Amino acid sequence: MSRIAIEFQNVFKSYTLYHSITGGIKNFLFHLPAAIRKMRANRFLALQDVSFRVDRGETLGVIGRNGAGKSTALGLVARVIRADRGRVTVDGRVSPLLELGAGFHPDLTGRDNILLNGVLMGLTRAEVRRKLGAIVDFSELGEFIDQPVRTYSNGMLARLGFSIVAGLDPEVLLIDEILAVGDASFQAKCMDRMRRFKADGVTMVLVSHDLAAVRSMCDRAACLEKGRIVDLGEADATTRRYESRLHAESAQALPYPPAGPEQGRSNGKSR
Amino acid sequence: MASLRYNLDLLYELTKKELRVRYQSSMLGYFWSLLNPLAMALVFFLAFKIVLKVNLTDSRWPFALFLIAGLFPWQWFSNSIHSSTNVYVQNASLIRKVAFRRELLPLATVLNDLFHFLVSIPVILGLLLSCGGVPSWNLLYGLPALILAQLLLTYGLALVVSSVNLFFRDLGNLISVLLQMLFYLTPILYDLDKVSRERPAIVPYLKCNPVAPLMDAYRQLLLDGLFRADLFVLAILYGAAALAIGWLIHARLRWKFAEIV
């Protein structure tokens, strides 16, 4: 394995804005030439000429406001989308930390969901079986593990989700917004597990609006703005520069009172 | 090799999930899956035999048995196409984040409905016995052959509708209508042989329907023990074509799924 875990070389990614066709077959067919023209013209540049590297074992924070291209970058690393131009190289098995309850089937028990999710994340059934005990222990869900997931609280869902990732031993871990659910002791346990990942040499990419978390977890941070990397450097300095840019803007945007850093603000992530 | 093992595991888990979900929520899951085709058979029986008193077939079997032998395999086809239309939309959060082989999701859907068809075969054969018929030895090779043909056809079309539905979200409405039209254009309520005697001119058009040879072949095999090689060849050709087209369309669109779902 090489020293570099993730490398972006001059990556461009644009999206077709599909509302012209998701409007329905009828609209599309009745206005076919116009619809195709519109589809071609209606592109949104999500990433423009983005280059960076993440070394093996390094933790990179990705910050920036909503729609800056953070999740797109993460999607490219996870290989769920393809770049239009440029090269994305990822070395190692990628595990994404899914948002709350995503990928769980509500009618299956916690245990069945662990099996299903583990296999979806790239393990064979035998491997998941071997790790099952450890995952169940980590989740501290007790006898709830054999209850359907629909009976779980949000905190319990978060526990289950994180426990699966914790048990996976990933090589590259992708985290889109740390979930601040679950009680304080479990959160501490999660942070602890992340530090252990780090110590074990797991490469991590953390997309977050929680700048304090980025500062405490990440070695370096990249700040995205309108699809470009505007700042890339040591995590502490990069987040502070980002903060002061945000402050400067919100000061201009009175009469609203100056907002604090974007901490803990949820980012509506649906495209 | 390792990745084949892995993908089989994933397919196994996805199919198991579908089956679990169907059966766990109700103890009567098995009977529910039989109920729909049986109820349809009853309705058609009432409409055509009691109310209208028409003869749609020359078959020597009671009309109810005749219907059921076609309705169960049709149920597999139609349920699979229906549920795979939405399979990607329902799994949006996974598609957006996890890079697994997407085509396994519709395949698991189709296999789930195949399983329900398999467990309904004893019901058909039981009814046949109670009507004084005897299941033929030809079933041993004939059924796997027809099931293979139907699997290719159903999965091929499932790949098309599941991926295209992401781009045209109202495809589901269209699919319901198309399936209903296709049902009446398929020899389930009537049989192909009777049509070819009375209206030979329209038989070639009926055979353009990729499901038609399949359903007719199932019935002749299940009830009369006849394996119609000509119908089977036609069915497997349709199946192979559907799979090829479905695979191509799916492969073209696959990389857009995470962007659009």
# chains A, B, ... in the order shown; residues from 1 in each chain; ligands from 1
>>> select_by_dssp(residues="segment 66-134 of chain A", states="alpha helix (DSSP H)", output="PDB file with N, CA and C atoms, in the first residue's frame")
ATOM      1  N   LYS A  70     -18.882  19.827  -0.491  1.00  0.00           N
ATOM      2  CA  LYS A  70     -18.273  18.904   0.475  1.00  0.00           C
ATOM      3  C   LYS A  70     -18.750  17.469   0.275  1.00  0.00           C
ATOM      4  N   SER A  71     -20.057  17.308   0.189  1.00  0.00           N
ATOM      5  CA  SER A  71     -20.588  15.946   0.049  1.00  0.00           C
ATOM      6  C   SER A  71     -20.237  15.344  -1.300  1.00  0.00           C
ATOM      7  N   THR A  72     -20.132  16.186  -2.313  1.00  0.00           N
ATOM      8  CA  THR A  72     -19.709  15.696  -3.628  1.00  0.00           C
ATOM      9  C   THR A  72     -18.313  15.100  -3.537  1.00  0.00           C
ATOM     10  N   ALA A  73     -17.428  15.815  -2.837  1.00  0.00           N
ATOM     11  CA  ALA A  73     -16.071  15.307  -2.678  1.00  0.00           C
ATOM     12  C   ALA A  73     -16.094  13.949  -1.969  1.00  0.00           C
ATOM     13  N   LEU A  74     -16.927  13.852  -0.946  1.00  0.00           N
ATOM     14  CA  LEU A  74     -17.038  12.601  -0.200  1.00  0.00           C
ATOM     15  C   LEU A  74     -17.593  11.485  -1.100  1.00  0.00           C
ATOM     16  N   GLY A  75     -18.576  11.818  -1.917  1.00  0.00           N
ATOM     17  CA  GLY A  75     -19.161  10.851  -2.848  1.00  0.00           C
ATOM     18  C   GLY A  75     -18.144  10.333  -3.842  1.00  0.00           C
ATOM     19  N   LEU A  76     -17.244  11.204  -4.265  1.00  0.00           N
ATOM     20  CA  LEU A  76     -16.197  10.768  -5.199  1.00  0.00           C
ATOM     21  C   LEU A  76     -15.242   9.797  -4.523  1.00  0.00           C
ATOM     22  N   VAL A  77     -14.916  10.074  -3.248  1.00  0.00           N
ATOM     23  CA  VAL A  77     -14.033   9.155  -2.524  1.00  0.00           C
ATOM     24  C   VAL A  77     -14.716   7.804  -2.341  1.00  0.00           C
ATOM     25  N   ALA A  78     -16.017   7.834  -2.055  1.00  0.00           N
ATOM     26  CA  ALA A  78     -16.762   6.590  -1.824  1.00  0.00           C
ATOM     27  C   ALA A  78     -17.037   5.840  -3.126  1.00  0.00           C
ATOM     28  N   GLY A 110     -32.214  -5.419  15.337  1.00  0.00           N
ATOM     29  CA  GLY A 110     -30.892  -4.813  15.337  1.00  0.00           C
ATOM     30  C   GLY A 110     -29.841  -5.772  14.808  1.00  0.00           C
ATOM     31  N   ARG A 111     -29.931  -7.027  15.247  1.00  0.00           N
ATOM     32  CA  ARG A 111     -28.948  -8.029  14.858  1.00  0.00           C
ATOM     33  C   ARG A 111     -28.986  -8.279  13.338  1.00  0.00           C
ATOM     34  N   ASP A 112     -30.194  -8.428  12.791  1.00  0.00           N
ATOM     35  CA  ASP A 112     -30.317  -8.638  11.346  1.00  0.00           C
ATOM     36  C   ASP A 112     -29.809  -7.432  10.562  1.00  0.00           C
ATOM     37  N   ASN A 113     -30.073  -6.257  11.116  1.00  0.00           N
ATOM     38  CA  ASN A 113     -29.593  -5.054  10.441  1.00  0.00           C
ATOM     39  C   ASN A 113     -28.077  -4.962  10.453  1.00  0.00           C
ATOM     40  N   ILE A 114     -27.453  -5.452  11.516  1.00  0.00           N
ATOM     41  CA  ILE A 114     -25.991  -5.462  11.551  1.00  0.00           C
ATOM     42  C   ILE A 114     -25.456  -6.338  10.426  1.00  0.00           C
ATOM     43  N   LEU A 115     -26.057  -7.524  10.270  1.00  0.00           N
ATOM     44  CA  LEU A 115     -25.625  -8.438   9.204  1.00  0.00           C
ATOM     45  C   LEU A 115     -25.769  -7.786   7.837  1.00  0.00           C
ATOM     46  N   LEU A 116     -26.950  -7.218   7.594  1.00  0.00           N
ATOM     47  CA  LEU A 116     -27.220  -6.603   6.300  1.00  0.00           C
ATOM     48  C   LEU A 116     -26.279  -5.429   6.036  1.00  0.00           C
ATOM     49  N   ASN A 117     -26.150  -4.563   7.044  1.00  0.00           N
ATOM     50  CA  ASN A 117     -25.322  -3.384   6.867  1.00  0.00           C
ATOM     51  C   ASN A 117     -23.845  -3.713   6.713  1.00  0.00           C
ATOM     52  N   GLY A 118     -23.395  -4.685   7.483  1.00  0.00           N
ATOM     53  CA  GLY A 118     -21.999  -5.094   7.399  1.00  0.00           C
ATOM     54  C   GLY A 118     -21.661  -5.587   5.999  1.00  0.00           C
ATOM     55  N   VAL A 119     -22.577  -6.363   5.414  1.00  0.00           N
ATOM     56  CA  VAL A 119     -22.335  -6.879   4.070  1.00  0.00           C
ATOM     57  C   VAL A 119     -22.401  -5.743   3.043  1.00  0.00           C
ATOM     58  N   LEU A 120     -23.341  -4.815   3.251  1.00  0.00           N
ATOM     59  CA  LEU A 120     -23.414  -3.660   2.350  1.00  0.00           C
ATOM     60  C   LEU A 120     -22.120  -2.851   2.383  1.00  0.00           C
ATOM     61  N   ARG A 125     -20.318 -12.392   4.763  1.00  0.00           N
ATOM     62  CA  ARG A 125     -21.176 -12.759   5.887  1.00  0.00           C
ATOM     63  C   ARG A 125     -20.367 -13.374   7.016  1.00  0.00           C
ATOM     64  N   ALA A 126     -19.373 -14.199   6.637  1.00  0.00           N
ATOM     65  CA  ALA A 126     -18.551 -14.835   7.670  1.00  0.00           C
ATOM     66  C   ALA A 126     -17.819 -13.781   8.502  1.00  0.00           C
ATOM     67  N   GLU A 127     -17.320 -12.754   7.826  1.00  0.00           N
ATOM     68  CA  GLU A 127     -16.605 -11.700   8.545  1.00  0.00           C
ATOM     69  C   GLU A 127     -17.532 -10.949   9.504  1.00  0.00           C
ATOM     70  N   VAL A 128     -18.736 -10.641   9.027  1.00  0.00           N
ATOM     71  CA  VAL A 128     -19.675  -9.925   9.901  1.00  0.00           C
ATOM     72  C   VAL A 128     -20.031 -10.795  11.099  1.00  0.00           C
ATOM     73  N   ARG A 129     -20.272 -12.096  10.840  1.00  0.00           N
ATOM     74  CA  ARG A 129     -20.600 -13.023  11.933  1.00  0.00           C
ATOM     75  C   ARG A 129     -19.531 -12.993  13.009  1.00  0.00           C
ATOM     76  N   ARG A 130     -18.265 -12.998  12.561  1.00  0.00           N
ATOM     77  CA  ARG A 130     -17.160 -12.994  13.523  1.00  0.00           C
ATOM     78  C   ARG A 130     -17.178 -11.737  14.375  1.00  0.00           C
ATOM     79  N   LYS A 131     -17.575 -10.619  13.775  1.00  0.00           N
ATOM     80  CA  LYS A 131     -17.518  -9.347  14.492  1.00  0.00           C
ATOM     81  C   LYS A 131     -18.811  -9.041  15.231  1.00  0.00           C
ATOM     82  N   LEU A 132     -19.819  -9.874  14.993  1.00  0.00           N
ATOM     83  CA  LEU A 132     -21.156  -9.570  15.516  1.00  0.00           C
ATOM     84  C   LEU A 132     -21.157  -9.321  17.022  1.00  0.00           C
ATOM     85  N   GLY A 133     -20.484 -10.217  17.761  1.00  0.00           N
ATOM     86  CA  GLY A 133     -20.464 -10.101  19.212  1.00  0.00           C
ATOM     87  C   GLY A 133     -19.886  -8.769  19.659  1.00  0.00           C
ATOM     88  N   ALA A 134     -18.766  -8.401  19.053  1.00  0.00           N
ATOM     89  CA  ALA A 134     -18.104  -7.154  19.426  1.00  0.00           C
ATOM     90  C   ALA A 134     -18.989  -5.953  19.114  1.00  0.00           C
TER      91      ALA A 134
END
>>> residues_around(residues="segment 53-69 of chain A", least_positions_apart="6", cutoff="7 Å", atoms="only C-alpha atoms", output="VMD selection string")
chain A and resid 3 to 8 46 to 47 198 201 to 209 214 218 to 227 267
>>> write_last_selection(atoms="N, CA and C atoms", output="PDB file, in the first residue's frame")
ATOM      1  N   ARG A   3       1.783   5.361   0.401  1.00  0.00           N
ATOM      2  CA  ARG A   3       1.712   6.271   1.537  1.00  0.00           C
ATOM      3  C   ARG A   3       0.487   7.180   1.414  1.00  0.00           C
ATOM      4  N   ILE A   4       0.068   7.379   0.180  1.00  0.00           N
ATOM      5  CA  ILE A   4      -1.077   8.268  -0.042  1.00  0.00           C
ATOM      6  C   ILE A   4      -2.363   7.449  -0.091  1.00  0.00           C
ATOM      7  N   ALA A   5      -3.347   7.828   0.709  1.00  0.00           N
ATOM      8  CA  ALA A   5      -4.600   7.073   0.734  1.00  0.00           C
ATOM      9  C   ALA A   5      -5.605   7.627  -0.269  1.00  0.00           C
ATOM     10  N   ILE A   6      -5.680   8.945  -0.357  1.00  0.00           N
ATOM     11  CA  ILE A   6      -6.662   9.573  -1.244  1.00  0.00           C
ATOM     12  C   ILE A   6      -5.962  10.671  -2.024  1.00  0.00           C
ATOM     13  N   GLU A   7      -6.172  10.680  -3.307  1.00  0.00           N
ATOM     14  CA  GLU A   7      -5.607  11.772  -4.083  1.00  0.00           C
ATOM     15  C   GLU A   7      -6.605  12.278  -5.113  1.00  0.00           C
ATOM     16  N   PHE A   8      -6.828  13.587  -5.113  1.00  0.00           N
ATOM     17  CA  PHE A   8      -7.644  14.256  -6.134  1.00  0.00           C
ATOM     18  C   PHE A   8      -6.690  15.047  -7.010  1.00  0.00           C
ATOM     19  N   ALA A  46     -20.258  21.515  -9.263  1.00  0.00           N
ATOM     20  CA  ALA A  46     -20.141  21.227  -7.830  1.00  0.00           C
ATOM     21  C   ALA A  46     -18.685  21.271  -7.377  1.00  0.00           C
ATOM     22  N   LEU A  47     -17.776  20.835  -8.230  1.00  0.00           N
ATOM     23  CA  LEU A  47     -16.351  20.903  -7.901  1.00  0.00           C
ATOM     24  C   LEU A  47     -15.587  21.418  -9.121  1.00  0.00           C
ATOM     25  N   LYS A 198      -7.686   6.367  14.590  1.00  0.00           N
ATOM     26  CA  LYS A 198      -6.586   7.226  14.183  1.00  0.00           C
ATOM     27  C   LYS A 198      -5.247   6.600  14.570  1.00  0.00           C
ATOM     28  N   GLY A 201      -4.060   3.944  12.419  1.00  0.00           N
ATOM     29  CA  GLY A 201      -3.662   4.297  11.064  1.00  0.00           C
ATOM     30  C   GLY A 201      -4.793   4.332  10.057  1.00  0.00           C
ATOM     31  N   VAL A 202      -6.042   4.472  10.545  1.00  0.00           N
ATOM     32  CA  VAL A 202      -7.165   4.594   9.617  1.00  0.00           C
ATOM     33  C   VAL A 202      -7.190   6.022   9.056  1.00  0.00           C
ATOM     34  N   THR A 203      -7.353   6.107   7.749  1.00  0.00           N
ATOM     35  CA  THR A 203      -7.477   7.416   7.120  1.00  0.00           C
ATOM     36  C   THR A 203      -8.916   7.887   7.261  1.00  0.00           C
ATOM     37  N   MET A 204      -9.116   9.132   7.647  1.00  0.00           N
ATOM     38  CA  MET A 204     -10.492   9.600   7.826  1.00  0.00           C
ATOM     39  C   MET A 204     -10.716  10.915   7.109  1.00  0.00           C
ATOM     40  N   VAL A 205     -11.904  11.039   6.539  1.00  0.00           N
ATOM     41  CA  VAL A 205     -12.337  12.318   5.988  1.00  0.00           C
ATOM     42  C   VAL A 205     -13.611  12.691   6.717  1.00  0.00           C
ATOM     43  N   LEU A 206     -13.600  13.856   7.313  1.00  0.00           N
ATOM     44  CA  LEU A 206     -14.717  14.291   8.140  1.00  0.00           C
ATOM     45  C   LEU A 206     -15.297  15.575   7.565  1.00  0.00           C
ATOM     46  N   VAL A 207     -16.532  15.488   7.097  1.00  0.00           N
ATOM     47  CA  VAL A 207     -17.230  16.679   6.630  1.00  0.00           C
ATOM     48  C   VAL A 207     -18.071  17.187   7.776  1.00  0.00           C
ATOM     49  N   SER A 208     -17.895  18.437   8.166  1.00  0.00           N
ATOM     50  CA  SER A 208     -18.659  18.891   9.317  1.00  0.00           C
ATOM     51  C   SER A 208     -18.813  20.401   9.354  1.00  0.00           C
ATOM     52  N   HIS A 209     -19.905  20.835   9.970  1.00  0.00           N
ATOM     53  CA  HIS A 209     -20.087  22.251  10.289  1.00  0.00           C
ATOM     54  C   HIS A 209     -19.679  22.513  11.727  1.00  0.00           C
ATOM     55  N   VAL A 214     -13.932  19.473  14.208  1.00  0.00           N
ATOM     56  CA  VAL A 214     -12.875  19.421  13.190  1.00  0.00           C
ATOM     57  C   VAL A 214     -11.522  19.728  13.833  1.00  0.00           C
ATOM     58  N   CYS A 218      -9.140  16.557  13.535  1.00  0.00           N
ATOM     59  CA  CYS A 218      -8.444  16.542  12.243  1.00  0.00           C
ATOM     60  C   CYS A 218      -7.028  17.075  12.323  1.00  0.00           C
ATOM     61  N   ASP A 219      -6.175  16.540  11.444  1.00  0.00           N
ATOM     62  CA  ASP A 219      -4.826  17.070  11.313  1.00  0.00           C
ATOM     63  C   ASP A 219      -4.844  18.300  10.419  1.00  0.00           C
ATOM     64  N   ARG A 220      -5.512  18.140   9.276  1.00  0.00           N
ATOM     65  CA  ARG A 220      -5.600  19.260   8.350  1.00  0.00           C
ATOM     66  C   ARG A 220      -7.060  19.487   7.995  1.00  0.00           C
ATOM     67  N   ALA A 221      -7.332  20.641   7.442  1.00  0.00           N
ATOM     68  CA  ALA A 221      -8.693  20.911   6.987  1.00  0.00           C
ATOM     69  C   ALA A 221      -8.649  21.587   5.631  1.00  0.00           C
ATOM     70  N   ALA A 222      -9.648  21.277   4.805  1.00  0.00           N
ATOM     71  CA  ALA A 222      -9.798  21.930   3.510  1.00  0.00           C
ATOM     72  C   ALA A 222     -11.092  22.711   3.551  1.00  0.00           C
ATOM     73  N   CYS A 223     -11.025  23.963   3.130  1.00  0.00           N
ATOM     74  CA  CYS A 223     -12.237  24.770   3.106  1.00  0.00           C
ATOM     75  C   CYS A 223     -12.686  24.935   1.663  1.00  0.00           C
ATOM     76  N   LEU A 224     -13.920  24.532   1.407  1.00  0.00           N
ATOM     77  CA  LEU A 224     -14.468  24.625   0.049  1.00  0.00           C
ATOM     78  C   LEU A 224     -15.394  25.826  -0.056  1.00  0.00           C
ATOM     79  N   GLU A 225     -15.314  26.492  -1.182  1.00  0.00           N
ATOM     80  CA  GLU A 225     -16.255  27.570  -1.451  1.00  0.00           C
ATOM     81  C   GLU A 225     -16.630  27.515  -2.916  1.00  0.00           C
ATOM     82  N   LYS A 226     -17.906  27.399  -3.189  1.00  0.00           N
ATOM     83  CA  LYS A 226     -18.410  27.312  -4.557  1.00  0.00           C
ATOM     84  C   LYS A 226     -17.618  26.320  -5.402  1.00  0.00           C
ATOM     85  N   GLY A 227     -17.325  25.181  -4.831  1.00  0.00           N
ATOM     86  CA  GLY A 227     -16.695  24.127  -5.598  1.00  0.00           C
ATOM     87  C   GLY A 227     -15.189  24.214  -5.717  1.00  0.00           C
ATOM     88  N   ASN A 267     -27.210  20.534   8.407  1.00  0.00           N
ATOM     89  CA  ASN A 267     -27.144  20.961   7.011  1.00  0.00           C
ATOM     90  C   ASN A 267     -28.079  20.100   6.189  1.00  0.00           C
TER      91      ASN A 267
END
>>> closest_atom_pairs(of="chain B", to="chain A", cutoff="7 Å", atoms="only C-alpha atoms", output="CSV")
residue,atom,partner,partner_atom,distance
B:Tyr6,CA,A:Thr124,CA,5.2
B:Asp9,CA,A:Arg125,CA,6.0
B:Leu10,CA,A:Val119,CA,5.7
B:Glu13,CA,A:Leu116,CA,5.8
B:Val21,CA,A:Asp107,CA,6.2
B:Ser93,CA,A:Ala102,CA,5.8
B:Leu94,CA,A:Gly103,CA,5.7
B:Arg96,CA,A:Val80,CA,6.6
B:Lys97,CA,A:Pro96,CA,6.5
B:Val98,CA,A:Val80,CA,6.5
B:Ala99,CA,A:Val80,CA,5.2
B:Phe100,CA,A:Leu120,CA,6.5
B:Phe167,CA,A:Thr22,CA,5.8
B:Phe168,CA,A:Thr22,CA,5.2
B:Arg169,CA,A:Thr22,CA,5.9
B:Asp170,CA,A:Gly24,CA,5.7
B:Trp255,CA,A:Ile81,CA,5.8
B:Lys256,CA,A:Ile81,CA,6.9
B:Ala258,CA,A:Val80,CA,6.0
B:Glu259,CA,A:Ile81,CA,7.0
>>> write_last_selection(atoms="C-alpha atoms", output="short mmCIF file (atom, residue, chain, number, x, y, z; two decimals), in the first residue's frame")
data_model
loop_
_atom_site.label_atom_id
_atom_site.label_comp_id
_atom_site.auth_asym_id
_atom_site.auth_seq_id
_atom_site.Cartn_x
_atom_site.Cartn_y
_atom_site.Cartn_z
CA TYR B 6 -18.83 -11.15 -1.48
CA ASP B 9 -23.26 -12.85 0.24
CA LEU B 10 -24.73 -9.43 -0.40
CA GLU B 13 -28.60 -10.87 2.69
CA VAL B 21 -39.82 -8.37 6.04
CA SER B 93 -29.61 6.81 1.41
CA LEU B 94 -27.57 3.70 0.61
CA ARG B 96 -25.95 8.03 -2.12
CA LYS B 97 -23.30 6.79 0.28
CA VAL B 98 -22.28 3.19 -0.33
CA ALA B 99 -20.65 1.79 -3.46
CA PHE B 100 -22.15 -1.68 -3.71
CA PHE B 167 -35.08 9.86 -14.04
CA PHE B 168 -38.84 9.79 -14.54
CA ARG B 169 -40.38 9.51 -11.12
CA ASP B 170 -43.88 9.02 -12.47
CA TRP B 255 -23.17 6.25 -12.42
CA LYS B 256 -25.92 8.85 -12.26
CA ALA B 258 -26.19 8.68 -6.57
CA GLU B 259 -26.57 12.14 -8.10
#
>>> residues_around(residues="Ala83 of chain A", least_positions_apart="2", cutoff="7 Å", atoms="only C-alpha atoms", output="PyMOL selection string")
chain A and resi 11-13+76+81+85-86
>>> write_last_selection(atoms="N, CA and C atoms", output="PDB file, in the first residue's frame")
ATOM      1  N   VAL A  11      -9.817  17.761 -10.158  1.00  0.00           N
ATOM      2  CA  VAL A  11     -11.116  17.113 -10.320  1.00  0.00           C
ATOM      3  C   VAL A  11     -12.217  18.135 -10.590  1.00  0.00           C
ATOM      4  N   PHE A  12     -13.001  17.856 -11.611  1.00  0.00           N
ATOM      5  CA  PHE A  12     -14.186  18.655 -11.939  1.00  0.00           C
ATOM      6  C   PHE A  12     -15.394  17.756 -11.812  1.00  0.00           C
ATOM      7  N   LYS A  13     -16.449  18.291 -11.257  1.00  0.00           N
ATOM      8  CA  LYS A  13     -17.689  17.520 -11.220  1.00  0.00           C
ATOM      9  C   LYS A  13     -18.864  18.472 -11.366  1.00  0.00           C
ATOM     10  N   LEU A  76     -17.244  11.204  -4.265  1.00  0.00           N
ATOM     11  CA  LEU A  76     -16.197  10.768  -5.199  1.00  0.00           C
ATOM     12  C   LEU A  76     -15.242   9.797  -4.523  1.00  0.00           C
ATOM     13  N   ILE A  81     -20.123   8.352  -7.127  1.00  0.00           N
ATOM     14  CA  ILE A  81     -20.249   9.183  -8.322  1.00  0.00           C
ATOM     15  C   ILE A  81     -18.895   9.250  -9.018  1.00  0.00           C
ATOM     16  N   ARG A  85     -13.919  15.274 -15.016  1.00  0.00           N
ATOM     17  CA  ARG A  85     -12.539  15.391 -15.459  1.00  0.00           C
ATOM     18  C   ARG A  85     -11.641  15.250 -14.253  1.00  0.00           C
ATOM     19  N   GLY A  86     -10.392  14.929 -14.489  1.00  0.00           N
ATOM     20  CA  GLY A  86      -9.460  14.804 -13.392  1.00  0.00           C
ATOM     21  C   GLY A  86      -9.447  13.383 -12.861  1.00  0.00           C
TER      22      GLY A  86
END
>>> atom_distance(atom1="atom CA of Ala158 of chain B", atom2="atom CA of Phe232 of chain B")
20.7 Å
>>> closest_residue(among="A:Leu160, A:Lys189, A:Leu100, A:Asp236", to="Ile175 of chain A", atoms="only C-alpha atoms")
A:Leu100
>>> residues_around(residues="Asn209 of chain B", least_positions_apart="6", cutoff="10 Å", atoms="only C-alpha atoms", output="list in words")
Leu182, Leu185, Thr186, Pro187, Ala235 and Tyr238 of chain B
>>> residues_around(residues="segment 45-51 of chain B", least_positions_apart="2", cutoff="10 Å", atoms="only C-alpha atoms", output="number ranges by chain")
B: 39-43, 53-56, 62-65, 67, 189
>>> write_last_selection(atoms="N, CA and C atoms", output="PDB file, in the first residue's frame")
ATOM      1  N   ALA B  39     -57.761 -14.908  -5.257  1.00  0.00           N
ATOM      2  CA  ALA B  39     -58.901 -13.997  -5.308  1.00  0.00           C
ATOM      3  C   ALA B  39     -59.158 -13.546  -6.749  1.00  0.00           C
ATOM      4  N   MET B  40     -58.070 -13.268  -7.478  1.00  0.00           N
ATOM      5  CA  MET B  40     -58.237 -12.889  -8.880  1.00  0.00           C
ATOM      6  C   MET B  40     -58.911 -14.012  -9.660  1.00  0.00           C
ATOM      7  N   ALA B  41     -58.466 -15.251  -9.400  1.00  0.00           N
ATOM      8  CA  ALA B  41     -59.060 -16.401 -10.092  1.00  0.00           C
ATOM      9  C   ALA B  41     -60.552 -16.468  -9.808  1.00  0.00           C
ATOM     10  N   LEU B  42     -60.896 -16.215  -8.558  1.00  0.00           N
ATOM     11  CA  LEU B  42     -62.309 -16.271  -8.173  1.00  0.00           C
ATOM     12  C   LEU B  42     -63.125 -15.218  -8.929  1.00  0.00           C
ATOM     13  N   VAL B  43     -62.572 -14.005  -8.990  1.00  0.00           N
ATOM     14  CA  VAL B  43     -63.275 -12.920  -9.673  1.00  0.00           C
ATOM     15  C   VAL B  43     -63.488 -13.257 -11.147  1.00  0.00           C
ATOM     16  N   LYS B  53     -70.995 -16.638 -18.814  1.00  0.00           N
ATOM     17  CA  LYS B  53     -71.075 -17.993 -19.365  1.00  0.00           C
ATOM     18  C   LYS B  53     -70.409 -18.108 -20.729  1.00  0.00           C
ATOM     19  N   VAL B  54     -69.136 -17.631 -20.797  1.00  0.00           N
ATOM     20  CA  VAL B  54     -68.426 -17.795 -22.066  1.00  0.00           C
ATOM     21  C   VAL B  54     -67.321 -18.822 -21.895  1.00  0.00           C
ATOM     22  N   ASN B  55     -66.903 -19.370 -23.039  1.00  0.00           N
ATOM     23  CA  ASN B  55     -65.837 -20.349 -23.021  1.00  0.00           C
ATOM     24  C   ASN B  55     -64.563 -19.719 -23.560  1.00  0.00           C
ATOM     25  N   LEU B  56     -63.576 -19.535 -22.694  1.00  0.00           N
ATOM     26  CA  LEU B  56     -62.359 -18.880 -23.134  1.00  0.00           C
ATOM     27  C   LEU B  56     -61.284 -19.894 -23.482  1.00  0.00           C
ATOM     28  N   PRO B  62     -61.127 -27.719 -15.239  1.00  0.00           N
ATOM     29  CA  PRO B  62     -62.033 -26.666 -14.762  1.00  0.00           C
ATOM     30  C   PRO B  62     -61.383 -25.297 -14.940  1.00  0.00           C
ATOM     31  N   PHE B  63     -62.203 -24.308 -15.252  1.00  0.00           N
ATOM     32  CA  PHE B  63     -61.686 -22.976 -15.552  1.00  0.00           C
ATOM     33  C   PHE B  63     -60.858 -22.414 -14.397  1.00  0.00           C
ATOM     34  N   ALA B  64     -61.264 -22.698 -13.147  1.00  0.00           N
ATOM     35  CA  ALA B  64     -60.538 -22.168 -11.989  1.00  0.00           C
ATOM     36  C   ALA B  64     -59.093 -22.675 -11.966  1.00  0.00           C
ATOM     37  N   LEU B  65     -58.921 -23.951 -12.239  1.00  0.00           N
ATOM     38  CA  LEU B  65     -57.568 -24.524 -12.261  1.00  0.00           C
ATOM     39  C   LEU B  65     -56.765 -23.941 -13.415  1.00  0.00           C
ATOM     40  N   LEU B  67     -57.096 -21.037 -14.731  1.00  0.00           N
ATOM     41  CA  LEU B  67     -56.703 -19.674 -14.369  1.00  0.00           C
ATOM     42  C   LEU B  67     -55.497 -19.659 -13.440  1.00  0.00           C
ATOM     43  N   LEU B 189     -56.249 -15.677 -19.274  1.00  0.00           N
ATOM     44  CA  LEU B 189     -57.696 -15.894 -19.218  1.00  0.00           C
ATOM     45  C   LEU B 189     -58.164 -16.812 -20.346  1.00  0.00           C
TER      46      LEU B 189
END
>>> atom_distance(atom1="atom CA of Ser51 of chain A", atom2="atom CA of Arg215 of chain A")
21.7 Å
>>> residues_around(residues="Ser136 of chain B", least_positions_apart="3", cutoff="9 Å", atoms="only C-alpha atoms", output="ChimeraX atom specification")
/B:139-140,221-226
>>> residues_around(residues="Phe186 of chain A", least_positions_apart="4", cutoff="10 Å", atoms="only C-alpha atoms", output="ChimeraX atom specification")
/A:138-140,155,158-159,162,181-182,190-192
